[in-house]
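Novice: Input: one structure, supplied below.
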Amino acid sequence: MVKIGSTEVPNEITELTIDQFEKVSNLMNDNELEPFEKWAGVFISLGANEDEVYDTEFNEFKEYISKFMNSTMQPNKEFVKSIEIDGYTYQAFEDEFKLNVRDLKLIEKCISTSPKNYISKLIAIVFKRTDLTKTEHYADAHIAQKSLLFKTQPAELAIPYVVYIGEKLGKTAKKIVDDSAEIVE
């Protein structure tokens, strides 16, 4: 936690929820916003008082940014196998994390159609409620409901999955482009 004005706001990956992490990521990646507007938005979205943020003197604001950026915690790089929410078990894998084509297809779709909240949807696709069938798990309404549940979970739960899936999708996209270029030549 770091103090912004009179409010303590989370700045460690272990303190942020998936929802907060999505909001911070969206603000920082918004090319329409100027740097100070981004940082003010980050602090306010994490609970800082809006008037205090906007009334902060320049040097003090720079100090807030510096303190916020000096995170000491590194995210957990281990995949969480399963979690319990509201009495239900959600499992990502049994022995080793693997993605199937159905999951990848849905993940690609959620990234392209919901770029502002794809992390919670990605996690909702990966973690399957153990008492449901595949049909129930892959229903749009069920994934949407799980996405809302996962928004309240710690961001560090999602980081290993986001990194792994990002790498897989990036490599696949590069291979498709490279293979297409060979066909054209």
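Identifiers in this document derive from the order of the structure tokens: chains are assigned A, B, ..., residues are numbered from 1 separately in each chain, and ligands are numbered from 1 in order of occurrence.
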Fewer than 4 positions away in the same chain doesn't count, so skip those; otherwise give me all residues within 7 Å of A:Asp19, counting only C-alpha atoms, as a VMD selection string.
Specialist: chain A and resid 23 151 to 152
Novice: Please produce an output containing C-alpha atoms for each residue in the selection, written as a PDB file, in the first residue's frame.
Specialist:
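Output below, filename selection37.pdb:
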ATOM      1  CA  LYS A  23      -8.575  -0.613 -14.587  1.00  0.00           C
ATOM      2  CA  LYS A 151     -12.864  -9.592 -10.664  1.00  0.00           C
ATOM      3  CA  THR A 152     -12.715  -9.696  -6.849  1.00  0.00           C
TER       4      THR A 152
END
Novice: Using only C-alpha atoms, can you tell me which of A:Glu32, A:Asp103, A:Glu156, A:Glu50 comes closest to A:Ile143?
Specialist: A:Asp103
Novice: In Å to one decimal, how far is atom CA of A:Asp140 from atom CA of A:Ile125?
Specialist: 10.0 Å
Novice: Pick out the closest residue to A:Tyr164 from this set: A:Leu106, A:Leu122, A:Leu46, A:Ala144. Count only C-alpha atoms.
Specialist: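 Counting only C-alpha atoms, the residue closest to A:Tyr164 is A:Leu122.
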Novice: Among stretch 37-119 of chain A, which residues does DSSP mark as strand (DSSP E) when it is run on the backbone? Keep the chain and numbering as in the structure and answer as a ChimeraX atom specification.
Specialist: /A:82-85,88-91
Novice: Would you save the residues of that selection, restricted to C-alpha atoms, as a PDB file, in the first residue's frame?
Specialist:
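Listed below is the output, out-v3.pdb:
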ATOM      1  CA  SER A  82      -7.851 -24.410  -8.067  1.00  0.00           C
ATOM      2  CA  ILE A  83      -9.661 -21.936  -5.870  1.00  0.00           C
ATOM      3  CA  GLU A  84     -12.872 -21.900  -3.892  1.00  0.00           C
ATOM      4  CA  ILE A  85     -15.392 -19.085  -4.249  1.00  0.00           C
ATOM      5  CA  TYR A  88     -17.730 -23.858  -5.282  1.00  0.00           C
ATOM      6  CA  THR A  89     -14.392 -25.184  -6.501  1.00  0.00           C
ATOM      7  CA  TYR A  90     -12.986 -23.741  -9.715  1.00  0.00           C
ATOM      8  CA  GLN A  91     -10.170 -25.748 -11.252  1.00  0.00           C
TER       9      GLN A  91
END
Novice: Just the alpha helix (DSSP H) stuff from chain A, please, per backbone DSSP, written as an MDAnalysis selection string.
Specialist: chainID A and resid 18:28 35:45 50:54 58:69 101:113 118:126 134:137 140:150 155:184
Novice: Which residue is closest to A:Ile107? Choose from A:Ile4, A:Ile165, A:Ile65, A:Met28 and count only C-alpha atoms.
Specialist: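 Once distances to A:Ile107 are computed over only C-alpha atoms, the minimum belongs to A:Ile165.
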Novice: From the set A:Asn11, A:Ser147, A:Asn31, A:Asn59, which residue has the shortest atom-to-atom contact distance to A:Tyr118, counting only C-alpha atoms?
Specialist: A:Ser147
Novice: Please determine, counting only C-alpha atoms, which residue among A:Ile119, A:Ala139, A:Leu149, A:Leu104 has the shortest atom-to-atom distance to A:Asn26.
Specialist: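 Looking at the shortest contact to A:Asn26, the residue is A:Ile119.
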Novice: Of the candidates A:Thr113, A:Ile13, A:Asp86, A:Glu34, which one gets nearest to A:Met69 if we count only C-alpha atoms?
Specialist: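 Smallest separation from A:Met69 among the options: A:Ile13.
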Novice: Could you list, as number ranges by chain, every residue within 6 Å of A:Pro154, counting only C-alpha atoms and ignoring same-chain residues fewer than 6 positions away?
Specialist: A: 16-18
Novice: Take the selection from the previous step and output its residues with C-alpha atoms, as an mmCIF file, in the first residue's frame.
Specialist:
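Produced file part.cif, reproduced below:
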data_model
loop_
_atom_site.group_PDB
_atom_site.id
_atom_site.type_symbol
_atom_site.label_atom_id
_atom_site.label_comp_id
_atom_site.auth_asym_id
_atom_site.auth_seq_id
_atom_site.Cartn_x
_atom_site.Cartn_y
_atom_site.Cartn_z
ATOM 1 C CA LEU A 16 -4.684 -5.467 -6.304
ATOM 2 C CA THR A 17 -7.798 -7.328 -7.394
ATOM 3 C CA ILE A 18 -8.187 -8.456 -10.984
#
Novice: Report as a list in words all protein, DNA and RNA residues lying within 10 Å of A:Phe36, evaluated on only C-alpha atoms, omitting residues in the same chain fewer than 4 positions from it.
Specialist: Ala40, Gly41, Val42, Tyr54, Phe58, Phe61, Lys62 and Ile65 of chain A
Novice: Grab the atom CA of A:Lys168 to atom CA of A:Phe21 distance for me, in Å with one decimal place.
Specialist: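 Computing it gives 21.5 Å between the two atoms.
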Novice: At a cut-off of 10 Å, using only C-alpha atoms, what residues contact A:Ser71? Leave out same-chain residues fewer than 4 positions from it and give the result as number ranges by chain.
Specialist: A: 1-2, 10-13, 66-67
